[in-house]
$ cat final_19.pdb   # PDB, C-alpha atoms
ATOM      1  CA  MET A 355     -13.379  28.967 -37.033
ATOM      2  CA  LYS A 356     -12.925  28.153 -33.348
ATOM      3  CA  ILE A 357     -14.015  24.656 -32.315
ATOM      4  CA  VAL A 358     -14.122  23.342 -28.747
ATOM      5  CA  VAL A 359     -14.492  19.685 -27.781
ATOM      6  CA  LEU A 360     -15.794  19.518 -24.215
ATOM      7  CA  ASP A 361     -15.476  15.818 -23.338
ATOM      8  CA  GLY A 362     -13.332  14.113 -25.924
ATOM      9  CA  TYR A 363     -11.843  11.283 -23.870
ATOM     10  CA  THR A 364     -14.767   8.856 -23.985
ATOM     11  CA  GLU A 365     -14.991   9.138 -27.774
ATOM     12  CA  ASN A 366     -11.221   9.149 -28.216
ATOM     13  CA  PRO A 367      -9.124   7.832 -25.326
ATOM     14  CA  GLY A 368      -6.093   7.873 -27.607
ATOM     15  CA  ASP A 369      -6.815   5.296 -30.295
ATOM     16  CA  LEU A 370      -8.318   7.721 -32.839
ATOM     17  CA  SER A 371      -6.908  10.788 -34.566
ATOM     18  CA  TRP A 372      -8.035  14.369 -34.017
ATOM     19  CA  GLU A 373      -6.154  15.550 -37.111
ATOM     20  CA  PRO A 374      -9.154  15.648 -39.495
ATOM     21  CA  MET A 375     -11.006  17.894 -37.033
ATOM     22  CA  LYS A 376      -7.954  20.050 -36.478
ATOM     23  CA  ALA A 377      -7.871  20.716 -40.202
ATOM     24  CA  LEU A 378     -11.237  22.475 -39.957
ATOM     25  CA  GLY A 379     -10.213  25.294 -37.642
ATOM     26  CA  GLU A 380      -8.643  26.311 -34.346
ATOM     27  CA  LEU A 381      -9.370  23.269 -32.189
ATOM     28  CA  THR A 382      -9.316  23.066 -28.388
ATOM     29  CA  ILE A 383      -9.879  19.651 -26.822
ATOM     30  CA  TYR A 384     -10.818  18.955 -23.217
ATOM     31  CA  ASP A 385     -10.813  15.328 -22.133
ATOM     32  CA  ARG A 386     -13.525  15.884 -19.559
ATOM     33  CA  THR A 387     -15.957  18.613 -18.569
ATOM     34  CA  SER A 388     -18.800  18.315 -16.072
ATOM     35  CA  VAL A 389     -21.675  15.986 -16.987
ATOM     36  CA  THR A 390     -23.960  18.175 -14.880
ATOM     37  CA  GLU A 391     -24.764  21.861 -15.193
ATOM     38  CA  SER A 392     -21.687  23.966 -14.396
ATOM     39  CA  PRO A 393     -20.355  27.488 -15.150
ATOM     40  CA  LEU A 394     -17.202  25.732 -16.390
ATOM     41  CA  ILE A 395     -19.024  24.624 -19.546
ATOM     42  CA  ALA A 396     -19.634  28.147 -20.842
ATOM     43  CA  GLU A 397     -16.197  29.199 -19.647
ATOM     44  CA  ARG A 398     -14.573  26.523 -21.779
ATOM     45  CA  ILE A 399     -16.714  27.234 -24.829
ATOM     46  CA  GLY A 400     -15.759  30.891 -24.562
ATOM     47  CA  ASP A 401     -15.950  32.668 -27.919
ATOM     48  CA  ALA A 402     -15.946  29.492 -30.008
ATOM     49  CA  GLU A 403     -18.364  29.232 -32.920
ATOM     50  CA  ILE A 404     -18.705  25.437 -32.722
ATOM     51  CA  VAL A 405     -18.822  23.171 -29.696
ATOM     52  CA  VAL A 406     -18.624  19.380 -29.761
ATOM     53  CA  THR A 407     -20.033  17.371 -26.860
ATOM     54  CA  ASN A 408     -20.819  13.823 -25.920
ATOM     55  CA  LYS A 409     -22.455  13.927 -22.478
ATOM     56  CA  THR A 410     -21.576  17.429 -21.254
ATOM     57  CA  PRO A 411     -24.904  19.316 -21.248
ATOM     58  CA  ILE A 412     -25.474  22.467 -23.290
ATOM     59  CA  SER A 413     -28.277  24.303 -21.519
ATOM     60  CA  ARG A 414     -30.154  27.540 -22.129
ATOM     61  CA  GLU A 415     -27.922  29.206 -19.548
ATOM     62  CA  THR A 416     -24.774  28.048 -21.305
ATOM     63  CA  ILE A 417     -26.082  29.134 -24.704
ATOM     64  CA  ASP A 418     -26.856  32.612 -23.352
ATOM     65  CA  LYS A 419     -23.299  32.949 -22.075
ATOM     66  CA  CYS A 420     -21.787  32.009 -25.456
ATOM     67  CA  PRO A 421     -23.007  34.598 -27.989
ATOM     68  CA  ASN A 422     -20.574  33.504 -30.719
ATOM     69  CA  LEU A 423     -21.963  29.957 -30.776
ATOM     70  CA  LYS A 424     -23.303  28.920 -34.177
ATOM     71  CA  ALA A 425     -23.362  25.127 -34.039
ATOM     72  CA  ILE A 426     -23.406  22.270 -31.528
ATOM     73  CA  ALA A 427     -22.233  18.842 -32.669
ATOM     74  CA  VAL A 428     -23.081  15.798 -30.569
ATOM     75  CA  PHE A 429     -20.780  12.759 -30.583
ATOM     76  CA  ALA A 430     -23.859  10.495 -30.463
ATOM     77  CA  THR A 431     -27.258   9.757 -31.952
ATOM     78  CA  GLY A 432     -29.186  10.984 -28.903
ATOM     79  CA  TYR A 433     -29.074  14.747 -28.404
ATOM     80  CA  ASN A 434     -31.103  15.256 -25.237
ATOM     81  CA  VAL A 435     -28.004  16.719 -23.513
ATOM     82  CA  VAL A 436     -28.625  19.858 -25.591
ATOM     83  CA  ASP A 437     -31.497  22.290 -25.170
ATOM     84  CA  TYR A 438     -32.029  21.960 -28.902
ATOM     85  CA  GLU A 439     -35.311  23.899 -28.979
ATOM     86  CA  TYR A 440     -33.701  26.926 -27.371
ATOM     87  CA  ALA A 441     -30.730  26.514 -29.681
ATOM     88  CA  LYS A 442     -33.180  26.678 -32.584
ATOM     89  CA  GLU A 443     -34.600  29.961 -31.229
ATOM     90  CA  LYS A 444     -31.051  31.309 -31.184
ATOM     91  CA  MET A 445     -30.422  30.055 -34.738
ATOM     92  CA  ILE A 446     -27.826  27.576 -33.494
ATOM     93  CA  ALA A 447     -27.690  24.327 -35.449
ATOM     94  CA  VAL A 448     -27.569  21.068 -33.491
ATOM     95  CA  MET A 449     -26.048  18.114 -35.341
ATOM     96  CA  ASN A 450     -25.961  14.452 -34.376
ATOM     97  CA  VAL A 451     -24.594  11.165 -35.705
ATOM     98  CA  PRO A 452     -27.752   9.349 -36.811
ATOM     99  CA  THR A 453     -26.283   5.928 -37.576
ATOM    100  CA  TYR A 454     -22.962   4.539 -36.471
ATOM    101  CA  GLY A 455     -23.561   1.652 -34.060
ATOM    102  CA  THR A 456     -26.309  -0.418 -35.645
ATOM    103  CA  GLN A 457     -24.311  -3.637 -35.808
ATOM    104  CA  ILE A 458     -22.367  -3.338 -32.554
ATOM    105  CA  VAL A 459     -25.391  -2.351 -30.438
ATOM    106  CA  GLY A 460     -27.395  -5.281 -31.802
ATOM    107  CA  GLN A 461     -24.434  -7.585 -31.191
ATOM    108  CA  TYR A 462     -24.067  -6.299 -27.643
ATOM    109  CA  ALA A 463     -27.765  -6.819 -26.871
ATOM    110  CA  VAL A 464     -27.555 -10.467 -27.896
ATOM    111  CA  GLY A 465     -24.274 -10.778 -25.985
ATOM    112  CA  LEU A 466     -26.018  -9.704 -22.784
ATOM    113  CA  LEU A 467     -28.642 -12.372 -23.376
ATOM    114  CA  LEU A 468     -26.044 -15.091 -24.024
ATOM    115  CA  GLU A 469     -24.202 -14.224 -20.813
ATOM    116  CA  ILE A 470     -27.454 -14.566 -18.868
ATOM    117  CA  CYS A 471     -28.201 -17.913 -20.502
ATOM    118  CA  SER A 472     -24.774 -19.477 -19.902
ATOM    119  CA  HIS A 473     -22.903 -17.327 -17.322
ATOM    120  CA  PHE A 474     -19.594 -17.611 -19.153
ATOM    121  CA  ALA A 475     -17.674 -15.235 -16.891
ATOM    122  CA  HIS A 476     -18.871 -16.892 -13.689
ATOM    123  CA  HIS A 477     -17.930 -20.383 -14.822
ATOM    124  CA  ASP A 478     -14.572 -19.244 -16.163
ATOM    125  CA  GLN A 479     -13.798 -17.770 -12.739
ATOM    126  CA  ALA A 480     -14.969 -20.979 -11.033
ATOM    127  CA  VAL A 481     -12.561 -23.017 -13.184
ATOM    128  CA  ARG A 482      -9.678 -20.680 -12.340
ATOM    129  CA  GLU A 483     -10.491 -21.069  -8.648
ATOM    130  CA  GLY A 484      -9.926 -24.828  -8.991
ATOM    131  CA  ARG A 485     -13.522 -25.961  -8.752
ATOM    132  CA  TRP A 486     -13.373 -28.019 -11.944
ATOM    133  CA  GLU A 487     -10.010 -29.527 -11.095
ATOM    134  CA  HIS A 488     -11.319 -30.756  -7.744
ATOM    135  CA  ASN A 489     -14.904 -31.538  -8.802
ATOM    136  CA  ILE A 490     -16.116 -35.078  -8.081
ATOM    137  CA  ASP A 491     -18.100 -35.056 -11.362
ATOM    138  CA  TRP A 492     -16.670 -34.444 -14.813
ATOM    139  CA  CYS A 493     -18.455 -31.077 -15.113
ATOM    140  CA  PHE A 494     -20.627 -28.690 -13.105
ATOM    141  CA  TRP A 495     -22.814 -25.644 -13.535
ATOM    142  CA  ASP A 496     -24.103 -23.145 -11.000
ATOM    143  CA  TYR A 497     -27.001 -21.682 -12.998
ATOM    144  CA  PRO A 498     -29.605 -23.177 -15.305
ATOM    145  CA  MET A 499     -28.274 -23.483 -18.871
ATOM    146  CA  ILE A 500     -30.907 -21.898 -21.118
ATOM    147  CA  GLU A 501     -31.391 -22.950 -24.744
ATOM    148  CA  LEU A 502     -32.889 -20.142 -26.821
ATOM    149  CA  SER A 503     -33.901 -22.111 -29.911
ATOM    150  CA  GLY A 504     -37.672 -22.227 -30.161
ATOM    151  CA  LYS A 505     -38.264 -19.469 -27.621
ATOM    152  CA  THR A 506     -39.953 -16.148 -28.397
ATOM    153  CA  ALA A 507     -38.115 -12.819 -28.395
ATOM    154  CA  GLY A 508     -40.052  -9.558 -28.338
ATOM    155  CA  ILE A 509     -38.353  -6.372 -29.540
ATOM    156  CA  ILE A 510     -39.854  -2.984 -28.687
ATOM    157  CA  GLY A 511     -38.480  -0.507 -31.191
ATOM    158  CA  PHE A 512     -37.816  -2.119 -34.560
ATOM    159  CA  GLY A 513     -35.670   0.355 -36.424
ATOM    160  CA  ARG A 514     -32.172  -0.377 -37.683
ATOM    161  CA  ILE A 515     -30.833  -1.662 -34.361
ATOM    162  CA  GLY A 516     -33.960  -3.617 -33.489
ATOM    163  CA  GLN A 517     -33.910  -5.303 -36.883
ATOM    164  CA  THR A 518     -30.215  -6.141 -36.531
ATOM    165  CA  THR A 519     -30.956  -7.806 -33.192
ATOM    166  CA  GLY A 520     -33.935  -9.577 -34.741
ATOM    167  CA  LYS A 521     -31.832 -11.029 -37.564
ATOM    168  CA  ILE A 522     -29.374 -12.520 -35.070
ATOM    169  CA  LEU A 523     -32.176 -13.998 -32.965
ATOM    170  CA  LYS A 524     -33.939 -15.408 -36.015
ATOM    171  CA  ALA A 525     -30.665 -17.088 -37.044
ATOM    172  CA  MET A 526     -30.702 -18.716 -33.582
ATOM    173  CA  ASN A 527     -34.121 -20.234 -34.428
ATOM    174  CA  MET A 528     -36.065 -17.908 -32.165
ATOM    175  CA  ARG A 529     -39.525 -16.623 -32.983
ATOM    176  CA  VAL A 530     -39.301 -12.830 -33.195
ATOM    177  CA  LEU A 531     -42.112 -10.402 -32.345
ATOM    178  CA  ALA A 532     -41.772  -6.668 -32.922
ATOM    179  CA  ASN A 533     -43.576  -3.559 -31.763
ATOM    180  CA  ASP A 534     -43.018  -0.226 -33.475
ATOM    181  CA  LYS A 535     -45.123   2.749 -34.529
ATOM    182  CA  PHE A 536     -43.743   2.417 -38.054
ATOM    183  CA  GLU A 537     -43.971  -0.991 -39.672
ATOM    184  CA  SER A 538     -41.899  -1.864 -42.740
ATOM    185  CA  ASP A 539     -41.504  -4.615 -45.296
ATOM    186  CA  THR A 540     -37.925  -5.230 -44.149
ATOM    187  CA  GLY A 541     -39.211  -5.605 -40.614
ATOM    188  CA  ARG A 542     -41.854  -8.099 -41.706
ATOM    189  CA  GLU A 543     -39.166 -10.298 -43.243
ATOM    190  CA  ILE A 544     -37.632 -10.680 -39.774
ATOM    191  CA  ALA A 545     -40.471 -10.479 -37.281
ATOM    192  CA  GLU A 546     -44.204 -10.528 -36.728
ATOM    193  CA  TYR A 547     -45.512  -7.076 -35.764
ATOM    194  CA  VAL A 548     -47.778  -7.174 -32.715
ATOM    195  CA  ASP A 549     -49.168  -4.758 -30.163
ATOM    196  CA  ARG A 550     -47.364  -4.298 -26.871
ATOM    197  CA  GLU A 551     -49.922  -6.328 -24.919
ATOM    198  CA  THR A 552     -49.276  -9.355 -27.129
ATOM    199  CA  LEU A 553     -45.526  -8.852 -26.977
ATOM    200  CA  PHE A 554     -45.554  -8.665 -23.172
ATOM    201  CA  ARG A 555     -47.750 -11.752 -22.929
ATOM    202  CA  GLU A 556     -45.932 -14.042 -25.371
ATOM    203  CA  SER A 557     -42.241 -13.157 -25.105
ATOM    204  CA  ASP A 558     -39.666 -15.225 -23.235
ATOM    205  CA  VAL A 559     -37.129 -12.445 -23.745
ATOM    206  CA  ILE A 560     -37.889  -8.741 -24.217
ATOM    207  CA  PHE A 561     -35.429  -6.340 -25.839
ATOM    208  CA  LEU A 562     -35.745  -2.558 -25.620
ATOM    209  CA  HIS A 563     -34.482  -0.746 -28.714
ATOM    210  CA  CYS A 564     -36.787   2.269 -28.634
ATOM    211  CA  PRO A 565     -36.100   5.962 -28.002
ATOM    212  CA  LEU A 566     -36.953   7.610 -24.694
ATOM    213  CA  PHE A 567     -40.102   9.624 -25.309
ATOM    214  CA  PRO A 568     -42.960  10.544 -22.951
ATOM    215  CA  ASP A 569     -44.935   7.495 -24.087
ATOM    216  CA  THR A 570     -42.017   5.107 -23.487
ATOM    217  CA  GLU A 571     -40.661   6.546 -20.234
ATOM    218  CA  GLY A 572     -41.088   3.959 -17.493
ATOM    219  CA  LEU A 573     -42.466   1.483 -20.033
ATOM    220  CA  ILE A 574     -41.127  -1.428 -18.001
ATOM    221  CA  ASN A 575     -43.148  -0.919 -14.823
ATOM    222  CA  LYS A 576     -44.981  -3.118 -12.362
ATOM    223  CA  ASP A 577     -48.212  -3.047 -14.360
ATOM    224  CA  ASN A 578     -46.574  -4.127 -17.596
ATOM    225  CA  ILE A 579     -44.300  -6.619 -15.837
ATOM    226  CA  ALA A 580     -47.446  -8.275 -14.448
ATOM    227  CA  LYS A 581     -48.539  -8.930 -18.046
ATOM    228  CA  MET A 582     -45.318 -10.794 -18.834
ATOM    229  CA  LYS A 583     -44.529 -14.482 -18.551
ATOM    230  CA  ASP A 584     -43.136 -15.688 -15.261
ATOM    231  CA  GLY A 585     -39.374 -15.969 -15.692
ATOM    232  CA  VAL A 586     -39.108 -13.485 -18.544
ATOM    233  CA  ILE A 587     -35.678 -12.032 -19.365
ATOM    234  CA  LEU A 588     -35.262  -8.295 -20.053
ATOM    235  CA  ILE A 589     -32.461  -6.761 -22.154
ATOM    236  CA  ASN A 590     -32.030  -2.969 -22.291
ATOM    237  CA  ASN A 591     -29.131  -1.228 -23.984
ATOM    238  CA  SER A 592     -31.233   1.650 -25.297
ATOM    239  CA  ARG A 593     -32.147   4.189 -22.595
ATOM    240  CA  GLY A 594     -32.288   3.740 -18.819
ATOM    241  CA  GLY A 595     -35.415   5.853 -18.463
ATOM    242  CA  LEU A 596     -37.437   3.177 -20.245
ATOM    243  CA  VAL A 597     -37.390   1.190 -16.990
ATOM    244  CA  ALA A 598     -39.007   1.958 -13.631
ATOM    245  CA  GLU A 599     -35.983   0.671 -11.762
ATOM    246  CA  GLN A 600     -37.539  -0.103  -8.383
ATOM    247  CA  ASP A 601     -40.318  -2.046 -10.121
ATOM    248  CA  LEU A 602     -37.787  -4.087 -12.079
ATOM    249  CA  ALA A 603     -35.686  -4.705  -8.960
ATOM    250  CA  ASP A 604     -38.772  -5.956  -7.120
ATOM    251  CA  ALA A 605     -39.659  -8.268 -10.013
ATOM    252  CA  LEU A 606     -36.115  -9.663 -10.153
ATOM    253  CA  ASN A 607     -36.059 -10.286  -6.422
ATOM    254  CA  SER A 608     -39.426 -12.047  -6.530
ATOM    255  CA  GLY A 609     -38.451 -14.158  -9.549
ATOM    256  CA  LYS A 610     -41.193 -12.787 -11.790
ATOM    257  CA  VAL A 611     -38.377 -11.559 -14.028
ATOM    258  CA  TYR A 612     -35.693 -14.239 -14.202
ATOM    259  CA  ALA A 613     -32.859 -11.915 -15.203
ATOM    260  CA  ALA A 614     -32.042  -8.543 -16.706
ATOM    261  CA  GLY A 615     -29.120  -7.499 -18.868
ATOM    262  CA  LEU A 616     -28.675  -3.734 -18.768
ATOM    263  CA  ASP A 617     -26.151  -1.410 -20.361
ATOM    264  CA  VAL A 618     -28.041   1.725 -19.340
ATOM    265  CA  VAL A 619     -29.638   3.112 -16.181
ATOM    266  CA  SER A 620     -31.733   6.173 -15.419
ATOM    267  CA  THR A 621     -28.885   8.274 -14.001
ATOM    268  CA  GLU A 622     -25.417   7.848 -15.495
ATOM    269  CA  PRO A 623     -22.876   7.251 -14.148
ATOM    270  CA  ILE A 624     -24.907   4.932 -11.923
ATOM    271  CA  ARG A 625     -25.578   6.062  -8.344
ATOM    272  CA  GLY A 626     -24.805   3.833  -5.404
ATOM    273  CA  ASP A 627     -28.443   3.843  -4.283
ATOM    274  CA  ASN A 628     -29.771   2.452  -7.574
ATOM    275  CA  PRO A 629     -32.048  -0.459  -6.535
ATOM    276  CA  LEU A 630     -30.838  -2.604  -9.420
ATOM    277  CA  LEU A 631     -27.358  -2.866  -7.891
ATOM    278  CA  GLY A 632     -28.742  -5.160  -5.213
ATOM    279  CA  ALA A 633     -31.266  -7.022  -7.353
ATOM    280  CA  LYS A 634     -30.981 -10.734  -8.121
ATOM    281  CA  ASN A 635     -29.742 -11.883 -11.528
ATOM    282  CA  CYS A 636     -29.136  -8.340 -12.769
ATOM    283  CA  LEU A 637     -26.200  -7.852 -15.132
ATOM    284  CA  ILE A 638     -25.179  -4.185 -15.510
ATOM    285  CA  THR A 639     -22.464  -2.805 -17.784
ATOM    286  CA  PRO A 640     -21.402   0.881 -17.978
ATOM    287  CA  HIS A 641     -23.127   2.069 -21.185
ATOM    288  CA  ILE A 642     -20.534   0.594 -23.535
ATOM    289  CA  SER A 643     -22.648  -1.025 -26.277
ATOM    290  CA  TRP A 644     -21.443   1.684 -28.634
ATOM    291  CA  ALA A 645     -17.773   1.746 -27.670
ATOM    292  CA  ALA A 646     -16.083  -0.602 -30.153
ATOM    293  CA  LEU A 647     -13.215   1.071 -32.008
ATOM    294  CA  ALA A 648     -14.927   0.693 -35.377
ATOM    295  CA  ALA A 649     -18.086   2.380 -34.102
ATOM    296  CA  ARG A 650     -16.185   5.230 -32.461
ATOM    297  CA  GLN A 651     -14.254   5.767 -35.693
ATOM    298  CA  ARG A 652     -17.561   6.142 -37.515
ATOM    299  CA  ILE A 653     -18.689   8.686 -34.903
ATOM    300  CA  MET A 654     -15.503  10.672 -35.440
ATOM    301  CA  ASP A 655     -15.742  10.504 -39.233
ATOM    302  CA  ILE A 656     -19.404  11.528 -39.357
ATOM    303  CA  THR A 657     -18.899  14.335 -36.838
ATOM    304  CA  VAL A 658     -16.013  15.726 -38.908
ATOM    305  CA  ASP A 659     -18.229  15.516 -42.004
ATOM    306  CA  ASN A 660     -21.000  17.328 -40.094
ATOM    307  CA  LEU A 661     -18.637  20.128 -39.102
ATOM    308  CA  ARG A 662     -17.168  20.438 -42.576
ATOM    309  CA  ALA A 663     -20.607  20.610 -44.173
ATOM    310  CA  PHE A 664     -21.724  23.275 -41.699
ATOM    311  CA  ILE A 665     -18.614  25.384 -42.265
ATOM    312  CA  GLU A 666     -19.049  25.099 -46.036
ATOM    313  CA  GLY A 667     -22.657  26.267 -45.786
ATOM    314  CA  HIS A 668     -24.610  23.074 -46.553
ATOM    315  CA  PRO A 669     -25.288  21.604 -43.099
ATOM    316  CA  VAL A 670     -26.357  17.978 -42.677
ATOM    317  CA  ASN A 671     -27.760  15.876 -39.842
ATOM    318  CA  ILE A 672     -29.448  18.898 -38.282
ATOM    319  CA  VAL A 673     -31.941  17.821 -35.600
ATOM    320  CA  ASN A 674     -33.473  21.247 -34.879
ATOM    321  CA  SER A 675     -33.884  22.781 -38.332
TER     322      SER A 675
END

$ encode --input "final_19.pdb" --output "C-alpha cells"
Amino acid sequence: MKIVVLDGYTENPGDLSWEPMKALGELTIYDRTSVTESPLIAERIGDAEIVVTNKTPISRETIDKCPNLKAIAVFATGYNVVDYEYAKEKMIAVMNVPTYGTQIVGQYAVGLLLEICSHFAHHDQAVREGRWEHNIDWCFWDYPMIELSGKTAGIIGFGRIGQTTGKILKAMNMRVLANDKFESDTGREIAEYVDRETLFRESDVIFLHCPLFPDTEGLINKDNIAKMKDGVILINNSRGGLVAEQDLADALNSGKVYAAGLDVVSTEPIRGDNPLLGAKNCLITPHISWAALAARQRIMDITVDNLRAFIEGHPVNIVNS
C-alpha cells in the first residue's frame, strides 16, 4: 500500500514519530505542498492508494488525475479542504480525526480572553523596558484590568469544545449562556440554553465554537453586532468565516466591540490587506489552538488507526460514507 503525506511539517515538525505510519505501507512524506490548487498536488500523490493531508486541498481535478486513490485521510477534524462529495462519487473514503483537541482548544479560547483582560505580554514588555523600575508610583497599568467574575459569557456552538470552555468559565464564577441546535443534559449542567438574539443581547463576552456552515457564515456581522452590548468582547478560535471581518474591524475601531481575540481568519495564512490587522484591540494568533504536542500526538495516533482500519477492511471515521 502506497501512502503519501502531502504537508506533514505542521503536524510533525520533528517532535513526533512517523514510524507507526511507516509500518502500514510504502510511505512518502512531504513537509509542504501548496495550500492552493496546484498540479504539484496530483504529481506528488502519483499512483498512491492513500493520501494524507492537513491543509493541502484535494480537489475534483486532483482526484481525476489520481486513479489509484482509494482513501484520503485528513490530519484534522474539519475536512473542507477535500471535495468529499466528489470523492464519494469515486468511491474514495475520506477520513478525519473527530476529537483530539477538546481540552486544548477550550483552554486556548479562555487564554485569549485572559490576555485581553490583563494584557500580560504588554506589561511584561513594559517592565523589561524599565518602566516599572523608573515609575513614580509603585505600580502601573496601561489598559483597564477586567474582572470576569459575575459577567456573562455566551457560547455559540456547545459541543465538546464549547462545553469545555463553559466549564472553565463557570469555575471563574461567570454566568454561561449557550446556543446550539442540539441541546443536551450535560450542556444544561454548565449553561443556560438561549436563542441567539438573547445571547447577543446579554453577553459580555461571546465565544464562537460552531462549525462553518451556510447558516453560520458571516454570523458576526454589523447587524448582529448592533444587537450586542457596547464593549462586548469576541473570542473566535473556531473558523474565520464565521466573522464578517470588515464589520468586526469597524466595530472595534468605533469601540462598540471592546476587543477581539482571534486564532482564525477567513483566508489563511492571513493576507496583508485583512482589515483586522489594523483594527484596535484585536489580538490575532496564527491558528495554533490545536498545536500542543499532546493534541498533535492524538492526531497522529488517530490518523494511523484510521489508516490501519481502512487497510484491514473495516474503515472508521468516514465522513462521506

$ resolve_selection --input "final_19.pdb" --expression "the PyMOL selection byres ((chain A and resi 530-544) around 9)" --output "list in words"
Lys505, Thr506, Ala507, Gly508, Ile509, Ile510, Gly511, Phe512, Gly513, Gly516, Gln517, Gly520, Lys521, Leu523, Lys524, Met528, Arg529, Ala545, Glu546, Tyr547, Val548, Asp549, Arg550, Thr552, Leu553, Glu556, Ser557 and Cys564 of chain A

$ residues_around --input "final_19.pdb" --residues "Glu666 in chain A" --least-positions-apart "6" --cutoff "12 Å" --atoms "only C-alpha atoms" --output "MDAnalysis selection string"
chainID A and resid 355 378 659:660

$ resolve_selection --input "final_19.pdb" --expression "the PyMOL selection byres ((chain A and resi 607) around 12)" --output "list in words"
Gly585, Gln600, Asp601, Leu602, Ala603, Asp604, Ala605, Leu606, Ser608, Gly609, Lys610, Val611, Tyr612, Ala613, Ala614, Pro629, Leu630, Leu631, Gly632, Ala633, Lys634, Asn635 and Cys636 of chain A

$ residues_around --input "final_19.pdb" --residues "Ile656 in chain A" --least-positions-apart "5" --cutoff "12 Å" --atoms "all atoms listed in the file" --output "list in words"
Pro374, Met375, Ala427, Val428, Phe429, Ala430, Thr431, Met449, Asn450, Val451, Pro452, Thr453, Tyr454, Gly455, Ala649, Arg650, Gln651, Leu661, Arg662, Ala663, Val670 and Asn671 of chain A

$ residues_around --input "final_19.pdb" --residues "Gly368 in chain A" --least-positions-apart "4" --cutoff "12 Å" --atoms "all atoms listed in the file" --output "PDB file with C-alpha atoms, in the coordinates of the input"
ATOM      1  CA  GLY A 362     -13.332  14.113 -25.924  1.00  0.00           C
ATOM      2  CA  TYR A 363     -11.843  11.283 -23.870  1.00  0.00           C
ATOM      3  CA  THR A 364     -14.767   8.856 -23.985  1.00  0.00           C
ATOM      4  CA  TRP A 372      -8.035  14.369 -34.017  1.00  0.00           C
ATOM      5  CA  ASP A 385     -10.813  15.328 -22.133  1.00  0.00           C
ATOM      6  CA  LEU A 647     -13.215   1.071 -32.008  1.00  0.00           C
ATOM      7  CA  ARG A 650     -16.185   5.230 -32.461  1.00  0.00           C
ATOM      8  CA  GLN A 651     -14.254   5.767 -35.693  1.00  0.00           C
TER       9      GLN A 651
END

$ axis_aligned_box --input "final_19.pdb" --around "range 359-367 of chain A" --padding-each-side "3 Å" --output "lines of an AutoDock Vina configuration file"
center_x = -12.5
center_y = 13.8
center_z = -25.8
size_x = 12.7
size_y = 17.9
size_z = 10.9

$ closest_residue --input "final_19.pdb" --among "A:Arg555, A:Arg593, A:Lys376, A:Lys419" --to "Gly432 in chain A" --atoms "all atoms listed in the file"
A:Arg593

$ atom_distance --input "final_19.pdb" --atom1 "CA of Met654 in chain A" --atom2 "CA of Ala377 in chain A"
13.5 Å

$ residues_around --input "final_19.pdb" --residues "Glu380 in chain A" --least-positions-apart "6" --cutoff "9 Å" --atoms "only C-alpha atoms" --output "list in words"
Met355, Lys356, Ile357 and Val358 of chain A

$ write_last_selection --input "final_19.pdb" --atoms "C-alpha atoms" --output "tab-separated table (two decimals), keeping the file's coordinate frame"
chain	number	residue	atom	x	y	z
A	355	MET	CA	-13.38	28.97	-37.03
A	356	LYS	CA	-12.92	28.15	-33.35
A	357	ILE	CA	-14.02	24.66	-32.32
A	358	VAL	CA	-14.12	23.34	-28.75

$ residues_around --input "final_19.pdb" --residues "Asn591 in chain A" --least-positions-apart "2" --cutoff "9 Å" --atoms "all atoms listed in the file" --output "list of chain:residue names"
A:Val459, A:Gly460, A:Tyr462, A:Ala463, A:Phe561, A:Leu562, A:His563, A:Ile589, A:Arg593, A:Gly594, A:Gly615, A:Leu616, A:Asp617, A:Val618, A:Val619, A:His641, A:Ile642, A:Ser643

$ atom_distance --input "final_19.pdb" --atom1 "CA of Asp437 in chain A" --atom2 "CA of Ser413 in chain A"
5.3 Å

$ resolve_selection --input "final_19.pdb" --expression "the PyMOL selection byres ((chain A and resi 495) around 10)" --output "number ranges by chain"
A: 472-473, 476-477, 480, 486, 493-494, 496-499

$ closest_residue --input "final_19.pdb" --among "A:Val658, A:Ile653, A:Ile624, A:Val448" --to "Val435 in chain A" --atoms "only C-alpha atoms"
A:Val448

$ residues_near_point --input "final_19.pdb" --point "(-24.6, 30.4, -19.4)" --cutoff "9 Å" --atoms "all atoms listed in the file" --output "PDB file with C-alpha atoms, in the coordinates of the input"
ATOM      1  CA  SER A 392     -21.687  23.966 -14.396  1.00  0.00           C
ATOM      2  CA  PRO A 393     -20.355  27.488 -15.150  1.00  0.00           C
ATOM      3  CA  ILE A 395     -19.024  24.624 -19.546  1.00  0.00           C
ATOM      4  CA  ALA A 396     -19.634  28.147 -20.842  1.00  0.00           C
ATOM      5  CA  GLU A 397     -16.197  29.199 -19.647  1.00  0.00           C
ATOM      6  CA  ILE A 412     -25.474  22.467 -23.290  1.00  0.00           C
ATOM      7  CA  SER A 413     -28.277  24.303 -21.519  1.00  0.00           C
ATOM      8  CA  ARG A 414     -30.154  27.540 -22.129  1.00  0.00           C
ATOM      9  CA  GLU A 415     -27.922  29.206 -19.548  1.00  0.00           C
ATOM     10  CA  THR A 416     -24.774  28.048 -21.305  1.00  0.00           C
ATOM     11  CA  ILE A 417     -26.082  29.134 -24.704  1.00  0.00           C
ATOM     12  CA  ASP A 418     -26.856  32.612 -23.352  1.00  0.00           C
ATOM     13  CA  LYS A 419     -23.299  32.949 -22.075  1.00  0.00           C
ATOM     14  CA  CYS A 420     -21.787  32.009 -25.456  1.00  0.00           C
TER      15      CYS A 420
END

$ atom_distance --input "final_19.pdb" --atom1 "CA of Thr407 in chain A" --atom2 "CA of Ser388 in chain A"
10.9 Å

$ closest_residue --input "final_19.pdb" --among "A:Asp558, A:Thr410, A:Glu483, A:Ala475" --to "Ser503 in chain A" --atoms "only C-alpha atoms"
A:Asp558

$ closest_residue --input "final_19.pdb" --among "A:Pro669, A:Pro565, A:Pro411, A:Gly484" --to "Asn590 in chain A" --atoms "only C-alpha atoms"
A:Pro565
